[in-house]
Amino acid sequence: MSTQSDRRPIVVGVEADPTRRMALAWAADEAARRHLPLRPVRAEGVPTRGYRGGEVPPSWEEWNEELHRGGKQVLADVVDFVAARHPEVEVDAVLAEGDPVWVLREQSRHATAVVLGSQHLSRAQEVYSSASVALPVMAHAHCPVVVVPEPEHVTQEPEYYVVGVDGSEHSAAAVDLAFEEAALRSAELRALYVWQPGPLRIFDERAAQQECRRLLSETVAGRQARYPEVDLRHELVVGHPVQVLTEASAHALGLVVGTRGRGGFTGMLLGSVSQGVLHHARCPVIAVPTRV
């Protein structure tokens, strides 16, 4: 993430439901930890025809007024929540008009991170539901995106982060952020290179696995020297990347992944591993673009 000196805010997408505050709490804690401003963003889009029921005012002007009134109340409640949790955190709440994905993507241009909530929608719901913005925001954001699940998950002592490594430029950016987060939280870091055998058995699997271990060691070596206080464990694990990373991070403070990995095409929306862990992980998922 960005350094403290540039004071880029932690941006958090705000939901109207006052019972869903895990993402907001995570964002407020991170802003306090990094001594950064917090920017809660409530994006109000244009309703569809089916949305306008009998309770909605008949004219667009009246509807727009009602919408803004409701949005301002949601943000006022959010400001009160943050003030009670971290009174020292500077809060700059934003009520924006437009598609939430577009609004949050634009906010990400000048943010340290964008934080979103998640209800663990099914794959079909995640792709087609207008209520879900996590995947498209993760795919196109200009900064790390953190997706925090509801309800709160159980962490394990000693506290730790998990990061997926595959030797690509994307996973290198993820490793950088994973070390930074672990150092900030005085947590352990578990770096995993997941090797998945292909459908055709290769001639020398031992040599292939040895190459994976070499890439893993090279990726973490320089970072470990920069963060000597972080207790690092790294290993090669054989299996499906989504399953291995999900199981390894079950009780973690967070799972850090790159937005695309080896073999990804530039035009792809998001890497298959990033999508998979977003659907299955029970801890916060931190997706890191290469350009961070």
# chains A, B, ... in the order shown; residues from 1 in each chain; ligands from 1
$ select_by_dssp --residues "region 83-169 of chain A" --states "strand (DSSP E)" --output "list in words"
Val94, Leu95, Ala96, Glu97, Ala113, Val114, Val115, Leu116, Gly117, Ser118, Val145, Val146, Val147, Val148, Pro149, Tyr160, Tyr161, Val162, Val163, Gly164 and Val165 of chain A
$ write_last_selection --atoms "all heavy atoms" --output "compact mmCIF listing (two decimals), in the first residue's frame"
# COMPACT_ATOMS: atom_id res chain seq x y z
N VAL A 94 -18.25 10.62 1.71
CA VAL A 94 -18.63 11.06 0.36
C VAL A 94 -19.92 10.39 -0.06
O VAL A 94 -20.04 9.15 -0.03
CB VAL A 94 -17.52 10.71 -0.66
CG1 VAL A 94 -17.98 11.02 -2.08
CG2 VAL A 94 -16.24 11.47 -0.34
N LEU A 95 -20.91 11.18 -0.48
CA LEU A 95 -22.14 10.69 -1.08
C LEU A 95 -22.04 10.96 -2.56
O LEU A 95 -21.95 12.11 -2.99
CB LEU A 95 -23.36 11.39 -0.49
CG LEU A 95 -24.73 10.97 -1.05
CD1 LEU A 95 -24.98 9.49 -0.78
CD2 LEU A 95 -25.84 11.82 -0.45
N ALA A 96 -22.01 9.90 -3.37
CA ALA A 96 -21.78 10.05 -4.81
C ALA A 96 -22.95 9.49 -5.61
O ALA A 96 -23.63 8.55 -5.18
CB ALA A 96 -20.50 9.33 -5.22
N GLU A 97 -23.20 10.09 -6.77
CA GLU A 97 -24.20 9.57 -7.69
C GLU A 97 -23.49 8.76 -8.76
O GLU A 97 -22.43 9.15 -9.25
CB GLU A 97 -24.97 10.71 -8.34
CG GLU A 97 -25.90 11.46 -7.39
CD GLU A 97 -26.73 12.51 -8.13
OE1 GLU A 97 -26.57 12.64 -9.35
OE2 GLU A 97 -27.53 13.18 -7.46
N ALA A 113 -6.17 2.03 -0.16
CA ALA A 113 -6.87 0.76 -0.37
C ALA A 113 -8.36 1.05 -0.46
O ALA A 113 -8.85 2.05 0.07
CB ALA A 113 -6.60 -0.23 0.76
N VAL A 114 -9.09 0.15 -1.13
CA VAL A 114 -10.55 0.19 -1.16
C VAL A 114 -11.05 -1.04 -0.41
O VAL A 114 -10.61 -2.16 -0.68
CB VAL A 114 -11.10 0.18 -2.60
CG1 VAL A 114 -12.61 0.00 -2.61
CG2 VAL A 114 -10.73 1.47 -3.32
N VAL A 115 -11.95 -0.84 0.53
CA VAL A 115 -12.45 -1.92 1.38
C VAL A 115 -13.93 -2.13 1.08
O VAL A 115 -14.71 -1.18 1.05
CB VAL A 115 -12.25 -1.61 2.87
CG1 VAL A 115 -12.68 -2.80 3.73
CG2 VAL A 115 -10.79 -1.26 3.15
N LEU A 116 -14.32 -3.40 0.88
CA LEU A 116 -15.70 -3.75 0.56
C LEU A 116 -16.16 -4.88 1.46
O LEU A 116 -15.36 -5.68 1.94
CB LEU A 116 -15.81 -4.21 -0.90
CG LEU A 116 -15.33 -3.23 -1.97
CD1 LEU A 116 -15.28 -3.92 -3.32
CD2 LEU A 116 -16.24 -2.01 -2.03
N GLY A 117 -17.47 -4.97 1.66
CA GLY A 117 -18.04 -6.09 2.40
C GLY A 117 -18.42 -7.23 1.46
O GLY A 117 -18.49 -7.06 0.25
N SER A 118 -18.65 -8.39 2.02
CA SER A 118 -19.03 -9.56 1.22
C SER A 118 -19.97 -10.45 2.00
O SER A 118 -19.78 -10.68 3.20
CB SER A 118 -17.79 -10.36 0.83
OG SER A 118 -18.15 -11.61 0.27
N VAL A 145 -7.49 -3.96 -3.10
CA VAL A 145 -8.90 -4.04 -2.72
C VAL A 145 -9.04 -5.12 -1.66
O VAL A 145 -8.56 -6.25 -1.85
CB VAL A 145 -9.80 -4.37 -3.92
CG1 VAL A 145 -11.25 -4.56 -3.47
CG2 VAL A 145 -9.71 -3.26 -4.96
N VAL A 146 -9.68 -4.78 -0.55
CA VAL A 146 -9.86 -5.71 0.57
C VAL A 146 -11.35 -6.07 0.64
O VAL A 146 -12.20 -5.18 0.73
CB VAL A 146 -9.43 -5.08 1.90
CG1 VAL A 146 -9.49 -6.12 3.02
CG2 VAL A 146 -8.02 -4.49 1.78
N VAL A 147 -11.65 -7.36 0.57
CA VAL A 147 -13.03 -7.82 0.68
C VAL A 147 -13.19 -8.53 2.01
O VAL A 147 -12.56 -9.56 2.27
CB VAL A 147 -13.41 -8.76 -0.49
CG1 VAL A 147 -14.87 -9.20 -0.37
CG2 VAL A 147 -13.18 -8.05 -1.83
N VAL A 148 -14.01 -7.94 2.88
CA VAL A 148 -14.16 -8.41 4.26
C VAL A 148 -15.49 -9.15 4.40
O VAL A 148 -16.54 -8.58 4.12
CB VAL A 148 -14.12 -7.22 5.25
CG1 VAL A 148 -14.22 -7.73 6.69
CG2 VAL A 148 -12.84 -6.41 5.05
N PRO A 149 -15.46 -10.41 4.83
CA PRO A 149 -16.70 -11.19 4.92
C PRO A 149 -17.55 -10.85 6.13
O PRO A 149 -17.06 -10.34 7.14
CB PRO A 149 -16.19 -12.64 4.99
CG PRO A 149 -14.87 -12.51 5.70
CD PRO A 149 -14.28 -11.20 5.22
N TYR A 160 -1.64 -14.56 11.99
CA TYR A 160 -0.83 -14.73 10.78
C TYR A 160 -1.60 -14.28 9.53
O TYR A 160 -2.82 -14.20 9.52
CB TYR A 160 -0.41 -16.20 10.60
CG TYR A 160 -1.56 -17.15 10.33
CD1 TYR A 160 -1.87 -17.54 9.04
CD2 TYR A 160 -2.32 -17.67 11.38
CE1 TYR A 160 -2.92 -18.42 8.78
CE2 TYR A 160 -3.37 -18.55 11.14
CZ TYR A 160 -3.66 -18.92 9.84
OH TYR A 160 -4.70 -19.78 9.58
N TYR A 161 -0.82 -13.97 8.50
CA TYR A 161 -1.34 -13.72 7.15
C TYR A 161 -0.88 -14.86 6.24
O TYR A 161 0.14 -15.50 6.50
CB TYR A 161 -0.81 -12.39 6.59
CG TYR A 161 -1.54 -11.17 7.07
CD1 TYR A 161 -1.13 -10.51 8.22
CD2 TYR A 161 -2.63 -10.66 6.36
CE1 TYR A 161 -1.79 -9.38 8.68
CE2 TYR A 161 -3.30 -9.53 6.81
CZ TYR A 161 -2.88 -8.89 7.96
OH TYR A 161 -3.55 -7.78 8.40
N VAL A 162 -1.63 -15.06 5.16
CA VAL A 162 -1.23 -16.03 4.13
C VAL A 162 -1.11 -15.27 2.82
O VAL A 162 -1.94 -14.41 2.50
CB VAL A 162 -2.28 -17.16 3.99
CG1 VAL A 162 -1.95 -18.05 2.78
CG2 VAL A 162 -2.33 -17.99 5.25
N VAL A 163 -0.06 -15.56 2.06
CA VAL A 163 0.09 -14.96 0.74
C VAL A 163 0.38 -16.06 -0.29
O VAL A 163 1.16 -16.97 -0.02
CB VAL A 163 1.20 -13.88 0.72
CG1 VAL A 163 2.56 -14.47 1.09
CG2 VAL A 163 1.26 -13.19 -0.64
N GLY A 164 -0.28 -15.95 -1.44
CA GLY A 164 -0.03 -16.90 -2.52
C GLY A 164 1.09 -16.40 -3.42
O GLY A 164 1.12 -15.24 -3.82
N VAL A 165 2.03 -17.29 -3.71
CA VAL A 165 3.20 -16.94 -4.53
C VAL A 165 3.23 -17.86 -5.74
O VAL A 165 3.03 -19.07 -5.62
CB VAL A 165 4.51 -17.11 -3.72
CG1 VAL A 165 5.72 -16.72 -4.56
CG2 VAL A 165 4.47 -16.30 -2.44
$ residues_around --residues "region 150-155 of chain A" --least-positions-apart "6" --cutoff "7 Å" --atoms "only C-alpha atoms" --output "JSON, numbers by chain"
{"A": [22, 118, 119, 251, 252, 253, 282, 283]}
$ write_last_selection --atoms "N, CA and C atoms" --output "PDB file, in the first residue's frame"
ATOM      1  N   MET A  22     -18.739  -5.031   9.245  1.00  0.00           N
ATOM      2  CA  MET A  22     -17.411  -5.630   9.343  1.00  0.00           C
ATOM      3  C   MET A  22     -16.398  -4.918   8.445  1.00  0.00           C
ATOM      4  N   SER A 118     -18.651  -8.392   2.022  1.00  0.00           N
ATOM      5  CA  SER A 118     -19.028  -9.560   1.221  1.00  0.00           C
ATOM      6  C   SER A 118     -19.968 -10.446   2.004  1.00  0.00           C
ATOM      7  N   GLN A 119     -20.995 -10.961   1.307  1.00  0.00           N
ATOM      8  CA  GLN A 119     -21.926 -11.900   1.933  1.00  0.00           C
ATOM      9  C   GLN A 119     -21.684 -13.317   1.459  1.00  0.00           C
ATOM     10  N   HIS A 251      -8.188 -19.358   9.427  1.00  0.00           N
ATOM     11  CA  HIS A 251      -8.184 -18.580  10.668  1.00  0.00           C
ATOM     12  C   HIS A 251      -7.149 -17.452  10.631  1.00  0.00           C
ATOM     13  N   ALA A 252      -6.863 -16.987   9.410  1.00  0.00           N
ATOM     14  CA  ALA A 252      -5.845 -15.952   9.236  1.00  0.00           C
ATOM     15  C   ALA A 252      -6.436 -14.554   9.391  1.00  0.00           C
ATOM     16  N   LEU A 253      -5.554 -13.575   9.610  1.00  0.00           N
ATOM     17  CA  LEU A 253      -5.976 -12.176   9.598  1.00  0.00           C
ATOM     18  C   LEU A 253      -6.349 -11.743   8.194  1.00  0.00           C
ATOM     19  N   ARG A 282     -12.900 -17.377   4.171  1.00  0.00           N
ATOM     20  CA  ARG A 282     -13.700 -16.834   5.262  1.00  0.00           C
ATOM     21  C   ARG A 282     -12.996 -15.702   5.991  1.00  0.00           C
ATOM     22  N   CYS A 283     -11.806 -15.361   5.554  1.00  0.00           N
ATOM     23  CA  CYS A 283     -11.086 -14.235   6.134  1.00  0.00           C
ATOM     24  C   CYS A 283     -11.057 -13.112   5.100  1.00  0.00           C
TER      25      CYS A 283
END
$ closest_residue --among "A:Arg33, A:Gly71, A:Asp92, A:Gly167" --to "Val12 (chain A)" --atoms "only C-alpha atoms"
A:Asp92
$ closest_residue --among "A:His142, A:Arg206, A:Arg190, A:His240" --to "Gly254 (chain A)" --atoms "only C-alpha atoms"
A:Arg190
$ closest_residue --among "A:Gly239, A:Pro284, A:Gly276, A:Pro18" --to "Leu255 (chain A)" --atoms "only C-alpha atoms"
A:Pro284
$ select_by_dssp --residues "region 177-253 of chain A" --states "helix (DSSP H, G or I)" --output "MDAnalysis selection string"
chainID A and resid 177:185 205:226 241:248
$ residues_around --residues "Ser274 (chain A)" --least-positions-apart "2" --cutoff "12 Å" --atoms "only C-alpha atoms" --output "ChimeraX atom specification"
/A:134-136,138-139,145-147,163-164,170-171,174,241-243,245-246,255-261,264,268-272,276-281,285-289
$ closest_residue --among "A:Arg7, A:Arg213, A:Gly13, A:Val89" --to "Ala31 (chain A)" --atoms "only C-alpha atoms"
A:Val89
$ atom_distance --atom1 "CA of Ala141 (chain A)" --atom2 "CA of Ala32 (chain A)"
22.5 Å
$ atom_distance --atom1 "CA of His110 (chain A)" --atom2 "CA of Arg8 (chain A)"
6.1 Å
$ residues_around --residues "Gln73 (chain A)" --least-positions-apart "4" --cutoff "12 Å" --atoms "only C-alpha atoms" --output "list of chain:residue names"
A:Val14, A:Glu15, A:Ala16, A:Asp17, A:Pro18, A:Arg42, A:Glu66, A:Leu67, A:His68, A:Arg69, A:Asp77, A:Val78, A:Val79, A:Asp80, A:Ala93, A:Val94, A:Leu95
$ residues_around --residues "Glu30 (chain A)" --least-positions-apart "6" --cutoff "9 Å" --atoms "only C-alpha atoms" --output "list of chain:residue names"
A:Ile10, A:Leu36, A:Leu38
